[in-house]
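Peer 1: Before we start, here is the structure in question, set down as structure tokens.
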Amino acid sequence: MTSRDFTRLTLGEKTKWVYFNGELITSIRYYAYKVNLYLIGEFYVELFYHHSQDRIEKIELLDEKSKRINFYADQVRLPMNLLAN
């Protein structure tokens, strides 16, 4: 599975793929969400879980330019190429 193939999946397909093939790296709280960071092969994805609605709202590739990356980096060691931006 490539990151490009992953982006083409439906939310339901992404959810199954993440849970069966992803490696949970860490979780953060971000506004109303619990965001889980997963490693799938050679790319990272974020799973956004909304507590009050008890549902997964979205799963997307980790945006390396996002400020959320700093929250992850405070908890785990991420590859340098992710932190260089």
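Residues are referred to by chain and number: the chain letter is A, B, ... according to the order shown in the structure tokens, the number counts from 1 in that chain, and ligands are numbered separately from 1 in the order shown.
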Excluding same-chain residues fewer than 5 positions from range 6-10 of chain A, what lies within 9 Å of it counting only C-alpha atoms, as a list in words?

Peer 2: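 Residues near the query, excluding close chain neighbours: Met1, Thr15, Trp17, Ile59, Glu60 and Leu61 of chain A.
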
Peer 1: Which residues, written as a PyMOL selection string, have at least one atom at most 10 Å from Tyr30 in chain A, with only C-alpha atoms counted and residues fewer than 5 positions away on the same chain left out?

Peer 2: chain A and resi 35+48-50+68+71

Peer 1: Save the residues we just selected, all heavy atoms, as a compact mmCIF listing (two decimals), in the first residue's frame?

Peer 2:
```
# COMPACT_ATOMS: atom_id res chain seq x y z
N VAL A 35 -6.32 12.33 18.67
CA VAL A 35 -5.69 12.05 17.38
C VAL A 35 -4.63 10.99 17.59
O VAL A 35 -3.68 11.19 18.36
CB VAL A 35 -5.07 13.33 16.76
CG1 VAL A 35 -4.53 13.02 15.37
CG2 VAL A 35 -6.07 14.47 16.72
N PHE A 48 -8.54 10.85 13.48
CA PHE A 48 -9.22 11.84 14.31
C PHE A 48 -10.50 11.23 14.89
O PHE A 48 -11.46 10.97 14.16
CB PHE A 48 -9.58 13.08 13.49
CG PHE A 48 -8.39 13.89 13.07
CD1 PHE A 48 -7.60 13.50 12.00
CD2 PHE A 48 -8.06 15.04 13.76
CE1 PHE A 48 -6.50 14.25 11.61
CE2 PHE A 48 -6.96 15.79 13.38
CZ PHE A 48 -6.18 15.39 12.31
N TYR A 49 -10.49 11.02 16.20
CA TYR A 49 -11.63 10.44 16.90
C TYR A 49 -12.29 11.54 17.72
O TYR A 49 -11.65 12.20 18.53
CB TYR A 49 -11.19 9.30 17.81
CG TYR A 49 -12.30 8.74 18.66
CD1 TYR A 49 -13.28 7.93 18.10
CD2 TYR A 49 -12.39 9.04 20.01
CE1 TYR A 49 -14.32 7.43 18.87
CE2 TYR A 49 -13.42 8.54 20.79
CZ TYR A 49 -14.38 7.75 20.22
OH TYR A 49 -15.39 7.25 20.98
N HIS A 50 -13.59 11.75 17.50
CA HIS A 50 -14.36 12.77 18.22
C HIS A 50 -15.08 12.10 19.38
O HIS A 50 -15.98 11.29 19.17
CB HIS A 50 -15.36 13.42 17.27
CG HIS A 50 -15.91 14.70 17.78
ND1 HIS A 50 -16.86 14.76 18.76
CD2 HIS A 50 -15.63 15.98 17.44
CE1 HIS A 50 -17.15 16.01 19.01
NE2 HIS A 50 -16.42 16.78 18.22
N ARG A 68 0.74 20.25 14.65
CA ARG A 68 0.52 19.07 15.49
C ARG A 68 1.76 18.20 15.59
O ARG A 68 1.94 17.49 16.58
CB ARG A 68 -0.64 18.22 14.94
CG ARG A 68 -2.00 18.77 15.22
CD ARG A 68 -3.09 17.79 14.84
NE ARG A 68 -2.99 17.33 13.47
CZ ARG A 68 -3.47 17.98 12.41
NH1 ARG A 68 -4.08 19.14 12.56
NH2 ARG A 68 -3.37 17.48 11.19
N PHE A 71 3.52 18.34 18.83
CA PHE A 71 2.93 17.59 19.94
C PHE A 71 3.39 16.14 19.92
O PHE A 71 3.64 15.55 20.96
CB PHE A 71 1.40 17.65 19.89
CG PHE A 71 0.83 19.02 20.09
CD1 PHE A 71 0.12 19.63 19.08
CD2 PHE A 71 1.01 19.71 21.27
CE1 PHE A 71 -0.41 20.90 19.23
CE2 PHE A 71 0.49 20.99 21.45
CZ PHE A 71 -0.22 21.58 20.43
```

Peer 1: Given only C-alpha atoms, how would the per-residue table for range 39-84 of chain A near range 19-28 of chain A read, listing every residue at most 8 Å away with its closest atom pair and distance in Å to one decimal, sorted by chain and number, as CSV?

Peer 2:
```
residue,atom,partner,partner_atom,distance
A:Leu39,CA,A:Glu23,CA,5.1
A:Ile40,CA,A:Gly22,CA,4.7
A:Gly41,CA,A:Gly22,CA,7.7
A:Phe71,CA,A:Ile28,CA,7.0
A:Tyr72,CA,A:Thr26,CA,7.0
A:Gln75,CA,A:Thr26,CA,7.4
A:Val76,CA,A:Thr26,CA,7.3
```

Peer 1: Point out the residue among A:Ile69, A:Leu11, A:Leu62, A:Ile56 with the least atom-to-atom distance to Phe43 in chain A, counting only C-alpha atoms.

Peer 2: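 Checking each of A:Ile69, A:Leu11, A:Leu62, A:Ile56 against Phe43 in chain A, counting only C-alpha atoms, the winner is A:Leu62.
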
Peer 1: Step one, run DSSP on the backbone; step two, keep only residues of chain A assigned to strand (DSSP E); then write them as an MDAnalysis selection string.

Peer 2: chainID A and resid 23:30 33:40 43:50 55:61

Peer 1: Return as a ChimeraX atom specification the full set of residues in chain A whose backbone-based DSSP assignment is alpha helix (DSSP H).

Peer 2: /A:3-7,11-21,68-73,80-83

Peer 1: Figure out the distance between CA of Val18 in chain A and CA of Leu47 in chain A, please, to one decimal in Å.

Peer 2: 8.6 Å
